[in-house]
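All remarks here apply to the structure that follows.
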Amino acid sequence: MKDLRYQRKAVDELVDKTIELLGLRGNRKTLIFKSPTGSGKTVMASEMLTRLSHELTERPDAPCAEVAFIWIAPNKLHEQSYFKMKNHFTENCALHPLVYDEMDHSAGSYIKPGEILFVNWESINKEKNVMVRDTEKSASLYDMTRRTQDDHGIPLVVIIDEEHMFGGRNARKSEKVLATIRPKVEIRISATPNPRDCQMVEVFRDKVIEEEMIKESIVLNPSLDFRKTHGSLNQHLIWLAL
């Protein structure tokens, strides 16, 4: 991770708040991580997971010594995060990213401490999907999450990437999936998160601009004449094109 002030501050807050939520009674404690596009959300999340795993074993106020992780993302974005984090964690060996096909699917299998299971949303949002359906040859994701928490006492932290895409018409499905998994903590990452009453860590756009990670503004089509428009924006663009 680059030595950027806003990234260090966000990681510190994410670690502290996650540890606090892990210590509360009940499941499904929610933490929103709001950060602008281009600010390095995946990089900050990677560092946060590394720090969290380390500090759980070191801090006297930590409610547990270890956790397991599930990273859920839509539209194959889980693969991008998986490869980024695989490269990141290869260097420090702190955590072990894996996808479903790399796991042990036999009876009794579970997500081990320090493992990050990367899951595509479209592979678990229907009951007929193989990953959430028990078969004679393999255990379902839900079976593994139950054993992880209930049989082995390992808290699950679920990271929901681009969480704004799990609202709207997907809200009922996503709620059903998460209610079945019952993670101890849900960390919801987005530049535009769905509004909800819960704790939040926010990276402000001005701070990202100060560090020159993104530009203050982008001017589109600077050579086009918008002084006298013809109808709506789309109509004017078509007029200019013609």
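Residues in the structure tokens are numbered from 1 in each chain, the chains being A, B, ... in the order shown, and ligands are numbered from 1 in the order shown.
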Select from segment 9-70 of chain A every residue with an atom at most 12 Å from any atom of segment 161-178 of chain A, then for each give the shortest pair of atoms and their distance in Å to one decimal, using only C-alpha atoms, rows by chain and rising number, as CSV.
```
residue,atom,partner,partner_atom,distance
A:Asn27,CA,A:Leu178,CA,10.5
A:Arg28,CA,A:Leu178,CA,8.2
A:Lys29,CA,A:Leu178,CA,11.4
A:Thr30,CA,A:Leu178,CA,11.4
A:Leu31,CA,A:Glu163,CA,11.4
A:Ile32,CA,A:Glu163,CA,9.1
A:Phe33,CA,A:Glu163,CA,9.6
A:Lys34,CA,A:Glu163,CA,9.9
A:Ser35,CA,A:Glu162,CA,10.6
A:Pro36,CA,A:Glu162,CA,11.3
A:Thr37,CA,A:Glu162,CA,10.4
A:Lys41,CA,A:Asp161,CA,9.4
A:Thr42,CA,A:Asp161,CA,8.9
A:Ala45,CA,A:Asp161,CA,9.9
A:Ile70,CA,A:Asp161,CA,10.6
```
Self-check item: DSSP-assigned alpha helix (DSSP H) among segment 19-226 of chain A, expressed as an NGL selection string
Solution: :A and (19-22 or 41-58 or 77-92 or 141-146 or 171-181 or 205-210)
Quiz item: Smallest atom-to-atom distance to Lys9 of chain A: which of A:Met48, A:Leu22, A:Val99, A:Ala139, using only C-alpha atoms?
Solution: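 Counting only C-alpha atoms, the residue closest to Lys9 of chain A is A:Met48.
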Quiz item: Taking into account only C-alpha atoms, which residue in the set A:Arg182, A:Lys84, A:Arg5, A:Lys215 is nearest to Met144 of chain A?
Solution: A:Arg182
Exercise. Once DSSP has gone over the backbone, tell me which residues of segment 132-231 of chain A are in strand (DSSP E), as a ChimeraX atom specification.
Key: /A:156-161,185-190,199-202
Could you please take those selected residues and save N, CA, C and O atoms as a PDB file, in the first residue's frame?
```
ATOM      1  N   LEU A 156     -17.179 -15.391  11.037  1.00  0.00           N
ATOM      2  CA  LEU A 156     -17.064 -15.072   9.614  1.00  0.00           C
ATOM      3  C   LEU A 156     -17.228 -13.570   9.405  1.00  0.00           C
ATOM      4  O   LEU A 156     -18.153 -12.954   9.936  1.00  0.00           O
ATOM      5  N   VAL A 157     -16.324 -13.010   8.632  1.00  0.00           N
ATOM      6  CA  VAL A 157     -16.442 -11.621   8.193  1.00  0.00           C
ATOM      7  C   VAL A 157     -16.700 -11.652   6.690  1.00  0.00           C
ATOM      8  O   VAL A 157     -15.885 -12.183   5.930  1.00  0.00           O
ATOM      9  N   VAL A 158     -17.836 -11.127   6.265  1.00  0.00           N
ATOM     10  CA  VAL A 158     -18.186 -11.093   4.848  1.00  0.00           C
ATOM     11  C   VAL A 158     -17.939  -9.689   4.310  1.00  0.00           C
ATOM     12  O   VAL A 158     -18.426  -8.703   4.879  1.00  0.00           O
ATOM     13  N   ILE A 159     -17.179  -9.603   3.231  1.00  0.00           N
ATOM     14  CA  ILE A 159     -16.937  -8.329   2.550  1.00  0.00           C
ATOM     15  C   ILE A 159     -17.800  -8.301   1.302  1.00  0.00           C
ATOM     16  O   ILE A 159     -17.722  -9.208   0.460  1.00  0.00           O
ATOM     17  N   ILE A 160     -18.635  -7.277   1.175  1.00  0.00           N
ATOM     18  CA  ILE A 160     -19.550  -7.151   0.038  1.00  0.00           C
ATOM     19  C   ILE A 160     -19.034  -6.010  -0.837  1.00  0.00           C
ATOM     20  O   ILE A 160     -19.169  -4.836  -0.500  1.00  0.00           O
ATOM     21  N   ASP A 161     -18.403  -6.373  -1.938  1.00  0.00           N
ATOM     22  CA  ASP A 161     -17.781  -5.392  -2.831  1.00  0.00           C
ATOM     23  C   ASP A 161     -18.838  -4.804  -3.763  1.00  0.00           C
ATOM     24  O   ASP A 161     -19.722  -5.517  -4.247  1.00  0.00           O
ATOM     25  N   VAL A 185     -19.784 -10.253  11.025  1.00  0.00           N
ATOM     26  CA  VAL A 185     -19.657  -8.865  10.575  1.00  0.00           C
ATOM     27  C   VAL A 185     -19.789  -8.806   9.062  1.00  0.00           C
ATOM     28  O   VAL A 185     -19.261  -9.661   8.353  1.00  0.00           O
ATOM     29  N   GLU A 186     -20.503  -7.789   8.566  1.00  0.00           N
ATOM     30  CA  GLU A 186     -20.589  -7.501   7.132  1.00  0.00           C
ATOM     31  C   GLU A 186     -19.899  -6.172   6.873  1.00  0.00           C
ATOM     32  O   GLU A 186     -20.280  -5.153   7.448  1.00  0.00           O
ATOM     33  N   ILE A 187     -18.884  -6.181   6.010  1.00  0.00           N
ATOM     34  CA  ILE A 187     -18.220  -4.951   5.599  1.00  0.00           C
ATOM     35  C   ILE A 187     -18.651  -4.663   4.174  1.00  0.00           C
ATOM     36  O   ILE A 187     -18.335  -5.421   3.251  1.00  0.00           O
ATOM     37  N   ARG A 188     -19.380  -3.570   3.983  1.00  0.00           N
ATOM     38  CA  ARG A 188     -19.970  -3.242   2.690  1.00  0.00           C
ATOM     39  C   ARG A 188     -19.180  -2.104   2.045  1.00  0.00           C
ATOM     40  O   ARG A 188     -19.126  -1.006   2.588  1.00  0.00           O
ATOM     41  N   ILE A 189     -18.579  -2.404   0.885  1.00  0.00           N
ATOM     42  CA  ILE A 189     -17.675  -1.465   0.226  1.00  0.00           C
ATOM     43  C   ILE A 189     -18.328  -0.867  -1.012  1.00  0.00           C
ATOM     44  O   ILE A 189     -18.856  -1.599  -1.854  1.00  0.00           O
ATOM     45  N   SER A 190     -18.273   0.455  -1.130  1.00  0.00           N
ATOM     46  CA  SER A 190     -18.836   1.105  -2.325  1.00  0.00           C
ATOM     47  C   SER A 190     -18.444   2.578  -2.343  1.00  0.00           C
ATOM     48  O   SER A 190     -18.186   3.177  -1.299  1.00  0.00           O
ATOM     49  N   GLN A 199     -22.517   1.736  11.415  1.00  0.00           N
ATOM     50  CA  GLN A 199     -21.235   2.420  11.465  1.00  0.00           C
ATOM     51  C   GLN A 199     -20.655   2.579  10.060  1.00  0.00           C
ATOM     52  O   GLN A 199     -20.901   1.759   9.185  1.00  0.00           O
ATOM     53  N   MET A 200     -19.863   3.644   9.887  1.00  0.00           N
ATOM     54  CA  MET A 200     -19.289   3.912   8.567  1.00  0.00           C
ATOM     55  C   MET A 200     -17.865   4.424   8.694  1.00  0.00           C
ATOM     56  O   MET A 200     -17.545   5.167   9.618  1.00  0.00           O
ATOM     57  N   VAL A 201     -17.034   4.007   7.754  1.00  0.00           N
ATOM     58  CA  VAL A 201     -15.718   4.602   7.546  1.00  0.00           C
ATOM     59  C   VAL A 201     -15.769   5.246   6.169  1.00  0.00           C
ATOM     60  O   VAL A 201     -16.078   4.584   5.181  1.00  0.00           O
ATOM     61  N   GLU A 202     -15.476   6.541   6.098  1.00  0.00           N
ATOM     62  CA  GLU A 202     -15.607   7.260   4.829  1.00  0.00           C
ATOM     63  C   GLU A 202     -14.296   7.925   4.443  1.00  0.00           C
ATOM     64  O   GLU A 202     -13.647   8.586   5.254  1.00  0.00           O
TER      65      GLU A 202
END
```
Quiz item: Looking at A:Glu79, A:Glu13, A:Asp150, A:Asp197, which one is nearest to Tyr110 of chain A, with distances taken over only C-alpha atoms?
Solution: A:Asp150
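A straight line drawn from atom CA of Gly23 of chain A to atom CA of Ser46 of chain A is 21.7 Å long.
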Quiz item: Which residues come within 12 Å of Gln149 of chain A, counting only C-alpha atoms, excluding same-chain residues fewer than 3 positions away, as an NGL selection string?
Solution: :A and (27 or 66-69 or 109-113 or 142-146 or 152-157 or 181-184)
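Atom CA of Ile214 of chain A to atom CA of Asp12 of chain A spans 21.9 Å [interatomic distance, one decimal].
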Exercise. For Arg133 of chain A, list every protein, DNA or RNA residue within 12 Å, evaluated using only C-alpha atoms, and leave out those in the same chain fewer than 3 positions away; present the list as a PyMOL selection string.
Key: chain A and resi 105+123-130+136-144
Quick one: write out the picked residues with C-alpha atoms as a JSON list (two decimals), in the first residue's frame?
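Final output, saved to part_22.json:
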```
[["chain", "number", "residue", "atom", "x", "y", "z"],
["A", 105, "HIS", "CA", -15.86, -29.87, -0.74],
["A", 123, "SER", "CA", -23.26, -18.05, -8.46],
["A", 124, "ILE", "CA", -25.10, -17.91, -5.13],
["A", 125, "ASN", "CA", -28.19, -15.76, -5.72],
["A", 126, "LYS", "CA", -30.45, -18.65, -6.83],
["A", 127, "GLU", "CA", -31.30, -21.78, -4.86],
["A", 128, "LYS", "CA", -30.62, -24.00, -7.90],
["A", 129, "ASN", "CA", -27.01, -22.79, -8.20],
["A", 130, "VAL", "CA", -24.46, -25.54, -7.59],
["A", 136, "GLU", "CA", -23.90, -36.36, -2.70],
["A", 137, "LYS", "CA", -20.39, -35.37, -3.78],
["A", 138, "SER", "CA", -19.94, -31.93, -2.27],
["A", 139, "ALA", "CA", -21.07, -29.65, 0.53],
["A", 140, "SER", "CA", -22.75, -26.34, -0.24],
["A", 141, "LEU", "CA", -21.39, -22.92, 0.66],
["A", 142, "TYR", "CA", -24.07, -22.64, 3.33],
["A", 143, "ASP", "CA", -23.02, -25.95, 4.85],
["A", 144, "MET", "CA", -19.40, -24.79, 5.03]]
```
Quiz prompt | Leu77 of chain A surroundings by only C-alpha atoms, 9 Å radius, close-in-sequence under 4 positions cut, as a PyMOL selection string | solution = chain A and resi 72-73+81-82+120+161-162
Keeping only N, CA, C and O atoms, write the selected residues as a CSV table (one decimal), in the first residue's frame.
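Everything below was put into result.csv:
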```
chain,number,residue,atom,x,y,z
A,72,ILE,N,-17.6,-11.3,-1.5
A,72,ILE,CA,-18.7,-11.4,-2.5
A,72,ILE,C,-18.7,-10.2,-3.4
A,72,ILE,O,-18.7,-9.1,-2.9
A,73,ALA,N,-18.7,-10.4,-4.7
A,73,ALA,CA,-18.7,-9.3,-5.7
A,73,ALA,C,-19.5,-9.7,-6.9
A,73,ALA,O,-19.6,-10.9,-7.2
A,81,SER,N,-10.5,-9.0,-7.8
A,81,SER,CA,-10.0,-8.8,-6.4
A,81,SER,C,-9.2,-10.0,-6.0
A,81,SER,O,-8.2,-9.9,-5.3
A,82,TYR,N,-9.6,-11.2,-6.4
A,82,TYR,CA,-8.9,-12.5,-6.0
A,82,TYR,C,-7.4,-12.4,-6.5
A,82,TYR,O,-6.5,-12.7,-5.8
A,120,ASN,N,-18.6,-15.2,-6.5
A,120,ASN,CA,-19.3,-14.4,-7.5
A,120,ASN,C,-20.8,-14.4,-7.1
A,120,ASN,O,-21.4,-15.4,-6.8
A,161,ASP,N,-18.4,-6.4,-1.9
A,161,ASP,CA,-17.8,-5.4,-2.8
A,161,ASP,C,-18.8,-4.8,-3.8
A,161,ASP,O,-19.7,-5.5,-4.2
A,162,GLU,N,-18.7,-3.5,-4.0
A,162,GLU,CA,-19.7,-2.8,-4.9
A,162,GLU,C,-21.1,-3.0,-4.3
A,162,GLU,O,-22.0,-3.4,-5.0
```
